[in-house]
Every structure is written in C-alpha cells, then in structure tokens.
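Just upload-v5.txt here, compact mmCIF, C-alpha atoms:
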```txt
# COMPACT_ATOMS: atom_id res chain seq x y z
CA MET A 1 -1.63 154.02 83.76
CA LYS A 2 -2.49 150.64 85.24
CA GLU A 3 -4.35 147.98 83.25
CA TYR A 4 -6.38 145.06 84.59
CA THR A 5 -7.43 142.14 82.39
CA PHE A 6 -9.81 139.49 83.73
CA LYS A 7 -12.59 137.11 82.73
CA TYR A 8 -16.09 137.62 84.13
CA GLN A 9 -19.77 136.88 83.59
CA ASN A 10 -22.44 139.35 82.49
CA ASN A 11 -26.23 139.50 82.00
CA SER A 12 -26.14 139.25 78.20
CA GLY A 13 -27.15 135.59 78.20
CA LEU A 14 -30.05 135.99 80.63
CA LEU A 15 -32.62 135.88 77.80
CA TYR A 16 -31.33 132.48 76.67
CA LEU A 17 -31.58 131.16 80.23
CA ILE A 18 -35.22 132.27 80.46
CA LEU A 19 -35.94 130.60 77.11
CA VAL A 20 -34.33 127.33 78.29
CA LEU A 21 -36.20 127.27 81.61
CA ILE A 22 -39.60 128.60 80.53
CA GLY A 23 -39.97 129.64 76.89
CA ILE A 24 -38.84 126.52 75.03
CA PRO A 25 -40.58 123.94 77.30
CA LEU A 26 -43.90 125.83 77.22
CA GLY A 27 -43.57 126.65 73.52
CA ILE A 28 -43.09 122.98 72.62
CA ILE A 29 -45.08 121.02 75.21
CA LEU A 30 -48.35 122.99 75.03
CA PRO A 31 -48.70 122.73 71.21
CA THR A 32 -47.61 119.09 71.39
CA VAL A 33 -50.37 118.18 73.85
CA TRP A 34 -52.94 119.82 71.57
CA LEU A 35 -51.57 118.24 68.35
CA MET A 36 -51.51 114.72 69.83
CA ASN A 37 -55.29 114.62 69.44
CA TYR A 38 -54.74 114.75 65.68
CA VAL A 39 -51.19 113.40 65.13
CA GLN A 40 -50.35 110.69 67.68
CA TRP A 41 -46.73 110.18 66.60
CA ILE A 42 -45.75 113.85 67.03
CA PHE A 43 -44.84 113.53 70.74
CA TRP A 44 -41.31 112.08 70.50
CA PRO A 45 -40.14 114.20 67.54
CA ASN A 46 -41.21 117.32 69.45
CA ILE A 47 -39.43 116.14 72.60
CA VAL A 48 -36.22 115.65 70.60
CA LEU A 49 -36.69 119.10 69.05
CA MET A 50 -37.22 120.61 72.52
CA LEU A 51 -34.05 119.00 73.91
CA CYS A 52 -32.02 120.21 70.93
CA LEU A 53 -33.37 123.76 71.32
CA MET A 54 -32.66 123.68 75.06
CA GLY A 55 -29.13 122.46 74.43
CA PHE A 56 -28.60 125.26 71.93
CA GLY A 57 -30.01 127.76 74.43
CA VAL A 58 -27.66 126.54 77.18
CA TRP A 59 -24.70 126.82 74.80
CA ARG A 60 -25.68 130.37 73.82
CA PHE A 61 -26.23 131.30 77.47
CA VAL A 62 -22.74 130.09 78.45
CA LYS A 63 -21.11 131.76 75.45
CA LYS A 64 -22.89 135.11 75.83
CA SER A 65 -22.37 135.21 79.61
CA ARG A 66 -18.61 134.77 79.46
CA ALA A 67 -16.53 137.81 78.62
CA THR A 68 -13.06 139.26 79.02
CA ASP A 69 -12.53 142.88 80.01
CA THR A 70 -9.42 145.06 80.04
CA ILE A 71 -9.70 148.20 82.17
CA SER A 72 -7.22 151.07 82.42
CA LEU A 73 -7.67 153.86 84.97
CA ASP A 74 -6.51 157.47 85.01
CA GLU A 75 -7.28 160.57 87.06
CA ASN A 76 -10.53 161.37 85.21
CA GLY A 77 -12.08 157.95 84.69
CA PHE A 78 -11.47 154.49 83.30
CA THR A 79 -11.65 152.84 79.89
CA SER A 80 -13.25 149.40 79.65
CA HIS A 81 -12.95 147.10 76.65
CA SER A 82 -16.50 145.89 77.34
CA TYR A 83 -18.23 149.18 78.28
CA GLY A 84 -16.11 151.94 76.77
CA ARG A 85 -15.01 155.21 78.37
CA VAL A 86 -16.51 156.06 81.78
CA LEU A 87 -15.77 159.31 83.63
CA TYR A 88 -15.96 159.31 87.41
CA GLN A 89 -18.39 162.23 87.28
CA ASP A 90 -20.73 160.13 85.07
CA ILE A 91 -21.14 157.46 87.79
CA HIS A 92 -24.53 157.73 89.46
CA SER A 93 -24.17 154.95 92.04
CA ILE A 94 -22.49 151.64 92.89
CA PRO A 95 -25.37 149.67 94.44
CA PRO A 96 -24.08 146.63 96.34
CA TYR A 97 -25.53 143.20 95.64
CA GLY A 98 -27.63 141.52 98.31
CA LEU A 99 -26.63 138.32 100.07
CA LEU A 100 -28.49 136.08 97.60
CA GLN A 101 -28.12 138.18 94.43
CA ALA A 102 -24.53 137.52 93.39
CA PRO A 103 -21.43 136.20 95.17
CA PRO A 104 -18.54 138.56 95.98
CA PRO A 105 -16.62 140.27 94.52
CA SER A 106 -19.33 140.78 91.86
CA MET A 107 -20.00 144.48 91.30
CA ARG A 108 -22.28 146.75 89.28
CA ILE A 109 -22.05 150.44 88.43
CA LYS A 110 -25.02 152.62 87.38
CA LEU A 111 -24.28 155.66 85.21
CA ASN A 112 -26.18 158.94 85.05
CA ASN A 113 -27.62 157.98 81.63
CA GLY A 114 -29.19 154.82 83.10
CA LYS A 115 -26.62 152.41 81.68
CA LYS A 116 -25.40 149.62 83.97
CA LEU A 117 -21.92 148.08 84.08
CA VAL A 118 -21.98 144.55 85.48
CA TRP A 119 -19.12 142.20 86.42
CA LEU A 120 -20.17 138.83 87.89
CA PHE A 121 -17.86 136.11 89.27
CA ASN A 122 -18.15 132.53 90.45
CA PRO A 123 -15.75 132.16 93.41
CA ASP A 124 -16.39 128.41 93.58
CA HIS A 125 -14.84 127.87 90.14
CA PRO A 126 -11.10 127.07 90.53
CA LYS A 127 -10.19 128.98 87.36
CA SER A 128 -11.79 132.18 88.70
CA ALA A 129 -9.25 132.69 91.53
CA ALA A 130 -6.71 134.61 89.41
CA ASP A 131 -9.41 136.76 87.77
CA ILE A 132 -10.95 137.59 91.16
CA ILE A 133 -7.56 138.75 92.46
CA ILE A 134 -7.09 141.04 89.42
CA PHE A 135 -10.65 142.40 89.68
CA THR A 136 -10.19 143.05 93.41
CA ALA A 137 -7.04 145.02 92.61
CA PHE A 138 -9.03 147.06 90.05
CA ARG A 139 -11.73 147.71 92.65
CA GLU A 140 -9.10 148.95 95.13
CA GLU A 141 -7.62 151.27 92.50
CA LEU A 142 -11.11 152.55 91.60
CA LEU A 143 -11.78 153.23 95.28
CA ARG A 144 -8.52 155.17 95.53
CA HIS A 145 -9.37 157.35 92.53
CA LEU A 146 -12.92 157.99 93.75
CA GLY A 147 -11.51 158.94 97.16
CA GLN A 148 -9.10 161.37 95.51
CA GLN A 149 -11.93 162.87 93.48
CA ALA A 150 -14.01 163.32 96.64
CA VAL A 151 -11.13 165.18 98.28
CA VAL A 152 -10.62 167.39 95.21
CA LEU A 153 -14.33 168.23 95.06
CA GLN A 154 -14.31 168.99 98.79
CA ASN A 155 -11.43 171.45 98.33
CA GLU A 156 -13.08 173.05 95.29
CA HIS A 157 -16.33 173.31 97.25
CA LEU A 158 -14.56 175.14 100.09
CA LYS A 159 -12.86 177.52 97.65
CA GLU A 160 -16.16 178.29 95.91
CA ASN A 161 -17.88 178.90 99.23
CA ILE A 162 -15.17 181.37 100.20
CA ALA A 163 -15.38 183.08 96.82
CA THR A 164 -19.18 183.32 96.99
CA SER A 165 -19.27 184.41 100.64
CA GLY A 166 -20.58 181.12 102.00
CA VAL A 167 -23.13 180.29 99.27
CA ALA A 168 -23.18 176.50 98.68
CA VAL A 169 -21.96 175.65 95.17
CA GLY A 170 -21.50 172.18 93.67
CA SER A 171 -22.57 170.42 96.87
CA LYS A 172 -24.58 167.84 94.92
CA GLN A 173 -21.52 166.66 93.00
CA LYS A 174 -19.44 166.60 96.19
CA ASN A 175 -22.05 164.58 98.07
CA ASN A 176 -22.35 162.14 95.17
CA ALA A 177 -18.57 161.54 95.19
CA LYS A 178 -18.69 160.80 98.92
CA ALA A 179 -21.65 158.47 98.40
CA LEU A 180 -19.76 156.51 95.70
CA VAL A 181 -16.82 155.97 98.06
CA SER A 182 -19.20 154.84 100.79
CA GLN A 183 -21.04 152.46 98.44
CA LEU A 184 -17.82 150.91 97.16
CA GLU A 185 -16.56 150.47 100.72
CA GLU A 186 -19.84 148.71 101.53
CA SER A 187 -19.39 146.47 98.49
CA LYS A 188 -15.94 145.45 99.74
CA LYS A 189 -17.46 144.20 103.00
CA ARG A 190 -19.29 141.49 101.07
CA ASP A 191 -16.16 139.32 101.03
CA TYR A 192 -17.98 136.91 103.32
CA LYS A 193 -17.50 133.17 103.56
CA TYR A 194 -20.45 130.94 102.90
CA ILE A 195 -22.18 129.57 106.00
CA ALA A 196 -22.21 125.77 106.17
CA ILE A 197 -25.39 124.06 107.35
CA PRO A 198 -24.58 121.60 110.17
CA ILE A 199 -24.63 118.11 108.73
CA SER A 200 -26.30 116.76 111.89
CA ALA A 201 -29.43 118.80 111.06
CA VAL A 202 -29.53 117.26 107.60
CA PHE A 203 -29.17 113.79 109.10
CA ALA A 204 -32.03 114.42 111.54
CA LEU A 205 -34.32 115.43 108.71
CA VAL A 206 -33.38 112.38 106.65
CA MET A 207 -33.89 110.08 109.65
CA LEU A 208 -37.49 111.29 109.93
CA ILE A 209 -38.15 110.34 106.33
CA ARG A 210 -36.28 107.06 105.91
CA THR A 211 -35.97 104.01 108.12
CA CYS A 212 -32.80 103.63 110.12
CA GLY A 213 -31.47 100.49 108.47
CA ALA A 214 -27.93 99.24 108.27
CA ASP A 215 -27.59 100.21 104.62
CA PHE A 216 -28.79 103.74 105.38
CA ILE A 217 -26.29 104.18 108.23
CA GLN A 218 -23.45 102.99 106.00
CA GLN A 219 -24.50 105.43 103.29
CA GLN A 220 -24.48 108.28 105.75
CA ARG A 221 -21.03 107.31 106.98
CA ASP A 222 -19.79 107.32 103.41
CA LYS A 223 -21.27 110.78 102.95
CA GLU A 224 -19.61 112.00 106.14
CA MET A 225 -16.24 110.73 104.95
CA ALA A 226 -16.77 112.33 101.56
CA GLY A 227 -17.68 115.63 103.22
CA PHE A 228 -14.66 115.41 105.50
CA ARG A 229 -12.40 114.68 102.54
CA ASP A 230 -13.86 117.56 100.52
CA GLY A 231 -13.39 119.86 103.53
CA ILE A 232 -9.72 118.94 103.79
CA LEU A 233 -9.18 119.46 100.06
CA SER A 234 -10.97 122.81 100.33
CA ILE A 235 -8.57 123.93 103.07
CA GLU A 236 -5.64 122.88 100.88
CA THR A 237 -7.07 124.81 97.93
CA ASP A 238 -7.63 127.88 100.12
CA TYR A 239 -4.02 127.62 101.26
CA GLU A 240 -2.70 127.56 97.68
CA ASN A 241 -4.91 130.53 96.76
CA ASN A 242 -3.83 132.45 99.87
CA VAL A 243 -0.16 131.80 99.10
CA GLN A 244 -0.61 133.22 95.59
CA LYS A 245 -2.53 136.23 96.94
CA ALA A 246 0.20 136.80 99.54
CA LYS A 247 2.87 136.71 96.82
CA ASN A 248 0.99 139.32 94.81
CA VAL A 249 0.49 141.52 97.88
CA ALA A 250 4.17 141.17 98.86
CA ALA A 251 5.30 142.09 95.35
CA GLU A 252 3.12 145.20 95.36
CA TYR A 253 3.97 146.27 98.90
CA GLY A 254 7.69 145.53 98.43
CA LEU A 255 7.89 148.36 95.89
CA THR A 256 7.60 150.82 98.75
CA PHE A 257 11.08 149.80 99.96
CA GLY A 258 12.80 151.08 96.83
CA PRO A 259 15.29 149.55 94.35
CA ILE A 260 17.61 146.61 95.08
CA PHE A 261 21.00 146.13 93.40
CA LEU A 262 22.41 142.66 92.65
CA TRP A 263 25.75 141.51 91.24
CA THR A 264 25.95 137.75 90.68
CA ASN A 265 27.05 134.86 88.50
CA ASP A 266 23.71 133.07 88.99
CA PRO A 267 21.64 133.69 85.82
CA ARG A 268 18.37 132.53 87.44
CA ALA A 269 18.57 134.42 90.73
CA THR A 270 16.24 137.23 91.79
CA VAL A 271 16.10 139.47 94.87
CA VAL A 272 12.82 140.23 96.63
CA PHE A 273 11.47 141.57 99.90
CA SER A 274 9.79 138.52 101.44
CA PRO A 275 7.33 138.93 104.33
CA ASP A 276 8.38 137.31 107.60
CA ILE A 277 5.10 135.64 108.54
CA PRO A 278 5.61 133.92 111.92
CA GLN A 279 3.96 130.61 112.72
CA ASP A 280 1.89 130.01 115.83
CA PRO A 281 4.38 128.64 118.42
CA TYR A 282 1.53 127.10 120.40
CA GLY A 283 -0.26 125.52 117.45
CA ALA A 284 -0.48 121.75 117.24
CA GLU A 285 1.62 120.01 114.60
CA ILE A 286 -0.96 118.15 112.48
CA ASP A 287 0.74 116.30 109.65
CA VAL A 288 -2.45 115.68 107.67
CA ILE A 289 -2.81 117.28 104.27
CA GLY A 290 -5.23 120.19 104.50
CA LEU A 291 -5.57 120.28 108.31
CA ARG A 292 -1.97 121.36 108.78
CA HIS A 293 -2.79 124.54 106.81
CA VAL A 294 -5.69 125.73 108.96
CA GLU A 295 -3.50 128.06 111.05
CA ASP A 296 -1.42 128.95 107.98
CA ASN A 297 -4.56 130.18 106.22
CA LYS A 298 -5.41 132.41 109.18
CA LEU A 299 -1.93 133.94 109.20
CA LEU A 300 -1.91 134.43 105.42
CA GLU A 301 -5.36 136.05 105.45
CA GLN A 302 -4.24 138.40 108.23
CA TYR A 303 -1.17 139.33 106.20
CA ILE A 304 -3.18 139.90 102.98
CA GLN A 305 -5.46 142.31 104.88
CA HIS A 306 -2.57 144.10 106.64
CA PRO A 307 0.71 143.74 104.67
CA ASP A 308 2.34 146.41 106.86
CA SER A 309 1.96 144.30 110.02
CA VAL A 310 5.06 142.11 109.46
CA ASN A 311 8.76 142.58 108.84
CA TYR A 312 10.26 142.04 105.39
CA ASP A 313 13.51 140.16 104.69
CA LEU A 314 15.82 140.97 101.81
CA THR A 315 16.00 137.57 100.11
CA VAL A 316 17.85 135.96 97.20
CA VAL A 317 15.79 133.29 95.42
CA ASN A 318 16.70 130.73 92.75
CA PRO A 319 13.54 128.65 92.12
CA ALA A 320 15.30 126.19 89.80
CA GLU A 321 17.86 125.27 92.48
CA LYS A 322 15.25 125.60 95.27
CA PHE A 323 17.63 128.08 96.89
CA TYR A 324 16.30 130.69 99.32
CA ALA A 325 18.64 132.84 101.43
CA VAL A 326 17.86 135.81 103.68
CA MET A 327 20.47 138.54 103.54
CA ASN A 328 21.90 139.01 107.05
CA LYS A 329 24.58 141.25 108.45
CA SER A 330 27.89 139.81 109.59
CA ILE A 331 27.94 138.48 113.15
CA PHE A 332 30.91 140.79 113.70
CA SER A 333 29.13 143.92 112.51
CA ARG A 334 27.64 146.48 114.83
CA ASP A 335 24.71 148.80 114.27
CA ASP A 336 26.42 151.85 112.84
CA SER A 337 24.45 154.75 111.40
CA LEU A 338 27.60 155.93 109.59
CA ALA A 339 27.95 152.71 107.55
CA ILE A 340 25.93 151.11 104.77
CA PRO A 341 25.72 147.28 104.74
CA ILE A 342 26.69 145.42 101.57
CA TYR A 343 25.33 141.88 101.78
CA LEU A 344 27.41 138.93 100.52
CA THR A 345 26.22 135.35 100.05
CA VAL A 346 27.73 132.26 98.42
CA TYR A 347 25.94 129.03 97.54
CA ASN A 348 27.19 125.76 96.05
CA PRO A 349 24.48 123.11 95.55
CA LYS A 350 26.99 120.32 94.81
CA GLU A 351 29.64 120.80 97.49
CA SER A 352 29.65 120.60 101.28
CA LEU A 353 32.08 122.17 103.73
CA PRO A 354 34.49 119.60 105.23
CA THR A 355 34.19 118.42 108.83
CA PRO A 356 36.56 120.33 111.15
CA PHE A 357 39.83 118.50 111.84
CA GLY A 358 39.67 116.11 114.78
CA GLN A 359 35.87 115.85 114.80
CA GLN A 360 33.90 112.83 113.70
CA ALA A 361 30.85 113.32 111.53
CA VAL A 362 27.75 112.07 113.33
CA ASP A 363 25.35 113.08 110.57
CA SER A 364 25.91 111.96 106.99
CA THR A 365 23.16 114.20 105.55
CA PHE A 366 24.47 116.26 102.63
CA ARG A 367 24.29 120.00 103.29
CA PRO A 368 25.28 122.28 100.39
CA ILE A 369 27.57 125.22 101.02
CA ARG A 370 25.62 128.35 101.89
CA TYR A 371 27.12 131.26 103.76
CA SER A 372 25.84 134.80 104.24
CA THR A 373 27.60 137.82 105.71
CA SER A 374 28.14 141.51 104.99
CA ILE A 375 30.72 144.26 104.76
CA ALA A 376 30.25 147.93 105.68
CA MET A 377 30.82 150.97 103.49
CA PRO A 378 31.15 154.43 105.06
CA ARG A 379 28.35 156.80 104.13
CA ALA A 380 30.76 159.68 103.66
CA GLY A 381 33.32 159.72 100.86
CA GLU A 382 34.09 157.39 97.99
CA PRO A 383 34.30 153.60 98.58
CA LYS A 384 37.88 152.38 98.94
CA SER A 385 39.50 148.96 98.74
CA GLU A 386 40.02 148.97 102.53
CA ILE A 387 36.40 147.91 103.03
CA LEU A 388 37.39 144.50 101.62
CA ASP A 389 40.23 143.98 104.12
CA ASN A 390 38.26 141.92 106.64
CA MET A 391 37.57 138.30 107.52
CA ASP A 392 33.99 138.35 106.21
CA PHE A 393 35.01 139.19 102.65
CA ALA A 394 38.02 136.89 102.79
CA SER A 395 35.81 133.95 103.81
CA VAL A 396 33.48 134.51 100.87
CA ARG A 397 36.38 134.86 98.45
CA SER A 398 38.12 131.69 99.71
CA ILE A 399 34.94 129.63 99.10
CA LEU A 400 34.76 130.98 95.53
CA GLN A 401 38.44 130.09 95.00
CA LYS A 402 38.29 126.56 96.39
CA TYR A 403 34.89 125.28 95.23
CA LYS A 404 34.11 125.52 91.54
CA GLY A 405 30.51 126.14 90.53
CA THR A 406 29.83 128.35 93.55
CA TYR A 407 27.25 131.10 93.09
CA PHE A 408 28.08 134.55 94.45
CA TYR A 409 25.54 137.25 95.34
CA MET A 410 26.36 140.85 96.30
CA VAL A 411 23.22 142.78 97.27
CA ALA A 412 22.50 146.32 98.50
CA LYS A 413 19.41 148.47 99.04
CA GLU A 414 18.90 152.06 97.93
CA GLN A 415 16.78 152.36 101.10
CA ASP A 416 20.01 152.13 103.16
CA GLY A 417 21.37 155.23 101.41
CA LEU A 418 23.35 153.56 98.61
CA SER A 419 23.00 154.90 95.06
CA ALA A 420 23.37 152.90 91.86
CA GLN A 421 26.62 154.74 91.09
CA GLN A 422 28.13 153.82 94.47
CA PHE A 423 27.11 150.18 94.01
CA GLU A 424 28.92 150.12 90.66
CA LYS A 425 32.07 151.51 92.31
CA ILE A 426 31.96 148.81 95.00
CA LYS A 427 31.45 146.21 92.28
CA MET A 428 34.60 147.43 90.52
CA LEU A 429 36.58 147.17 93.77
CA VAL A 430 35.38 143.57 94.30
CA LEU A 431 36.02 142.77 90.63
CA THR A 432 39.61 143.98 90.94
CA ASN A 433 40.12 142.04 94.17
CA PHE A 434 38.74 138.83 92.64
CA GLY A 435 41.03 139.27 89.65
CA LYS A 436 44.11 139.51 91.87
CA HIS A 437 43.17 136.24 93.62
CA GLY A 438 42.28 134.27 90.51
CA VAL A 439 38.46 134.23 90.89
CA ASP A 440 36.75 133.85 87.51
CA THR A 441 34.27 136.75 87.00
CA GLY A 442 33.45 136.16 83.33
CA ARG A 443 29.80 135.32 84.01
CA PHE A 444 29.08 138.02 86.57
CA GLU A 445 26.37 140.55 85.74
CA SER A 446 24.57 143.44 87.44
CA ARG A 447 20.79 143.63 87.87
CA ARG A 448 18.26 145.97 89.41
CA TYR A 449 15.02 144.84 91.05
CA ASN A 450 12.00 146.21 92.90
CA SER A 451 11.53 149.30 90.76
CA LYS A 452 8.70 150.12 88.38
```
Hey, can you dump this file as structure tokens for me?
Amino acid sequence: MKEYTFKYQNNSGLLYLILVLIGIPLGIILPTVWLMNYVQWIFWPNIVLMLCLMGFGVWRFVKKSRATDTISLDENGFTSHSYGRVLYQDIHSIPPYGLLQAPPPSMRIKLNNGKKLVWLFNPDHPKSAADIIIFTAFREELLRHLGQQAVVLQNEHLKENIATSGVAVGSKQKNNAKALVSQLEESKKRDYKYIAIPISAVFALVMLIRTCGADFIQQQRDKEMAGFRDGILSIETDYENNVQKAKNVAAEYGLTFGPIFLWTNDPRATVVFSPDIPQDPYGAEIDVIGLRHVEDNKLLEQYIQHPDSVNYDLTVVNPAEKFYAVMNKSIFSRDDSLAIPIYLTVYNPKESLPTPFGQQAVDSTFRPIRYSTSIAMPRAGEPKSEILDNMDFASVRSILQKYKGTYFYMVAKEQDGLSAQQFEKIKMLVLTNFGKHGVDTGRFESRRYNSK
C-alpha cells in the first residue's frame, strides 16, 4: 500500500479572507463615520482596532488554509488524514478547475453525499515543488485504480448481461467509473504554463500615459534588465526542479529492470539505472547561467513525460567522491547469448596511472585511476574459477594490488539471468582469488539494490 504525504491549501480559511476584505472594514468604518458626529477622537482608535483585526484575520486565514495530508490507496479506495476513508464507488465526480479558478495541479473530488475534497497548490512558491511532485504521483496512482475499477465494472457488466439474457444491469455505475477516469484525465491536461504578456505592449500603454523623458527611459531599461534577470533565474530554477523530477521518475521506472547485485569495499557507493538523455548536437553552447539550460529543460521535460523513450545505463555512484561510472562490457567481449556479463570497475581518487615508458607527458592534469571492464559467466552449469583466467580480471586485480585505497565494484543484473545465489558463488571465487594474490578483502560487503 503506497502512501503520499504532502502540504496543500484548502478552503477552510475562506471565511477569514472575506472578513479581512469586506466584513472588518465595513464593520469598523461605517460605525466610525456615524460616531464621529458625537465622539471626534474615535477615528484613530477605531482605525488601529481595524488594522489589528485585519492582521488577526490574515493570520487565521494563512493558518487555516495550510494543511498536511497523508493518503494511502488500496484496491477499494483511499484513506486521507484530512478527509477520512473514501471508497471509489462513493466518488460522484472530479470536476476540473477552470483556467482562472486554481492553478494546476489543484484538484477537487465531489462525493455522492455532497461532500467535497479539495487540494489547492501554489506552483509559484519554491517550497511547493516537492509537494506538487508527490501529489502528482498520488493523482497518477488514483487514475490507475479508477481505470482498473472501470475495467472490472465493465467485465461484471458483461457477465450480468449474459446471465440476464442481455438486460442492462449496473450500467449507471459502469458509466460513472468511465466518467471519473475521463474527468481525471482532463484534469491532468491542466499542467499548462502561464502565458507571459509581451513587455512591449506594457511599454506602449505606459508611454501613452507618461511623458517620454530621460528618467522614464532609464527606468524602463532597468525594468527590462530586471525582467531579463528574473527570466534567467526562472530557467535555472526550472532546470533544478526538472532534474529532481527526472531523478524521481528514473528511480521509479528503474524498478522495472529488476534487482542489481553489488560487491564492493566502497561504503558510500550505490548502483542505479541512470537514463541516457542525449544532448542536442546542433544546439548552441551558451555559457550563461540559466540560458544554457533552455535545451536541457526541453530534454528533461520530454523524458519526464516518456521515461521509456531513452536507454538506461547501469551506473555506480559515490556522491561523496563525486564518482560516476557506467558499467561497460570488456572491449574484448563479444555478444554471446550463452554468457552472462559480470561488470568490474576500480577507482582510486588519489592515484593516477603512470605515463607509458618512452612517452613524455604533455598534459599535467591529474586524472584519478578509473577502469571498467567485465568477465563472462556461462549460463549453463555452476560458475568455475576458469572465468577469472583472463586479462580483464587480471588488470583489475593488479590495480588493487599496486595502488592502496582503490575501490572495487563487482556488479551484475538479475535481468541478465543471474540469480542472487549465483552472484554469491562468483563472489566466493573472486574472494578466493584475491586471497591467493594478497588483496585485502576485509572491508568488502555485498548489497542489493533496485528492489522494493
């Protein structure tokens, strides 16, 4: 059972907002105007009282409007911390908001008993980005469950029609389930971007009102620069948000590839399936903060919408060391359907491989040792020590022997046909081989990733 926890806004504080905008001003000003004919000094005390009451009303409006909800879904309905238990069959409709009613992904649900469930969001608030992502994931899961219910009701409807010789039974419930799916799909389409009014039109209107003096022109230039700067910062913020969304999508979609096995001496390493998002080879290189991410945002948004449109690389990551390595097969390996690849990588952040004998170094830039390769294990039979008798494994082992502090990573995928038991047997073969050649394996440990 999945749970989704997020912060949102509701309509509970709407009464306080009406009081602040209409009730309190009218309730104080009108009596004050009448009383000033009898008590002349009453004006300022009443104004202070009105401001205090309005401040209190604003505070209550903000406090009552903010809420945190935790929602868990199952096959029959969902349980909300804010609204209680809701069965899918109790949902009357999911009416989408209009363009000017509430910004996406705000949503409301109307129940058969007339009760309304409301979740409102402010996408312009920087702290709302994470909550919007979680709520969007809940909405997708709700759509999936409603779609499943519609299919189940369709099948039950067909069975009942057959049993009753074609007499329509339960069609109202079936049609309502279809309508809910359609309404929620329509609500998803509201993920629009706000339309910007051309600044030239604003300038033209201002020019008709004010004189075109030197001070005015300078002010407009300052505003243009401020708008340009804000636009650049907005692109940068969108890029950061898109990167985080892409990470969440990749983590969710990567689960479809099955478990990953890792044996390493790096305590901070993880293994993930990272999306290979290509860059536009014809795009201009603009090294200006914000502008350089315009094309990146397009690519990330395309990936978020269609995570199955790119390839995924099996990748070892150590954020603390800023180490990122894609697991690749050995350059000597051939595509063989009868063999399972076992990926090997070594990394030493403090050492660099020496320059080949007889060659002069033309580049003094320090490059840490990082080398990736693979060995092959036959699909049939038990793994034997002969799979380690090759140059690829010997190269990895020699780096571990010669350079202290080298990290070692042995990775395999269950998707390739390797079980956890087979991986443990290969690990024991490598462990024995390392022991014979004096490689310290005291800090090595096995881990499993990409499984729920």
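The two atoms in question, CA of Ser93 in chain A and CA of Leu17 in chain A, are spaced 27.6 Å apart.
Taking CA of His306 in chain A and CA of Lys245 in chain A as endpoints, the distance between them is 12.5 Å.
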Mind pulling up the distance from CA of Tyr407 in chain A to CA of Glu386 in chain A?
23.9 Å
List as a ChimeraX atom specification the residues having at least one atom at most 7 Å from position (15.7, 152.0, 97.7) as given in the file, counting all atoms listed in the file.
/A:257-260,413-416
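Neighbours of Leu143 in chain A closer than or equal to 7 Å, with all atoms listed in the file counted and sequence neighbours fewer than 4 positions away skipped, come out as A:Arg139, A:Gly147, A:Val181, A:Leu184.
Residue nearest Val317 in chain A within the list A:Gln302, A:Ser274, A:Ser333, A:Thr70: A:Ser274 [criterion: smallest interatomic distance, all atoms listed in the file].
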Given the choices A:Tyr343, A:Phe61, A:Phe261, A:Tyr312, which gets closest to Ser451 in chain A if the distance is worked out from only C-alpha atoms?
A:Phe261
For Ile369 in chain A, list every protein, DNA or RNA residue within 6 Å, evaluated using all atoms listed in the file, and leave out those in the same chain fewer than 4 positions away; present the list as a list in words.
Tyr347, Asn348 and Ser352 of chain A
Would you mind telling me which residue in A:Thr256, A:Ser72, A:Thr237, A:Gln401 lies nearest to His437 in chain A when using all atoms listed in the file?
A:Gln401
Which residues are near Val20 in chain A? Cut-off 7 Å, only C-alpha atoms, ignore same chain within fewer than 6 positions. Put them as an NGL selection string.
:A and (54 or 57-58)
As number ranges by chain, please: the residues near Leu53 in chain A (cut-off 12 Å, all atoms listed in the file, same-chain neighbours under 3 positions excluded).
A: 16-17, 19-21, 23-25, 27-28, 46-50, 56-60
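Neighbourhood of point (25.7, 153.0, 104.2): residues with an atom at most 7 Å away, counting all atoms listed in the file, are Leu338, Ala339, Ile340, Pro341, Ala376, Met377, Pro378, Arg379, Asp416, Gly417 and Leu418 of chain A.
For the set A:Pro45, A:Gly438, A:Leu146, A:Leu26, the residue with the smallest atom-to-atom gap to Ser398 in chain A is A:Gly438, counting all atoms listed in the file.
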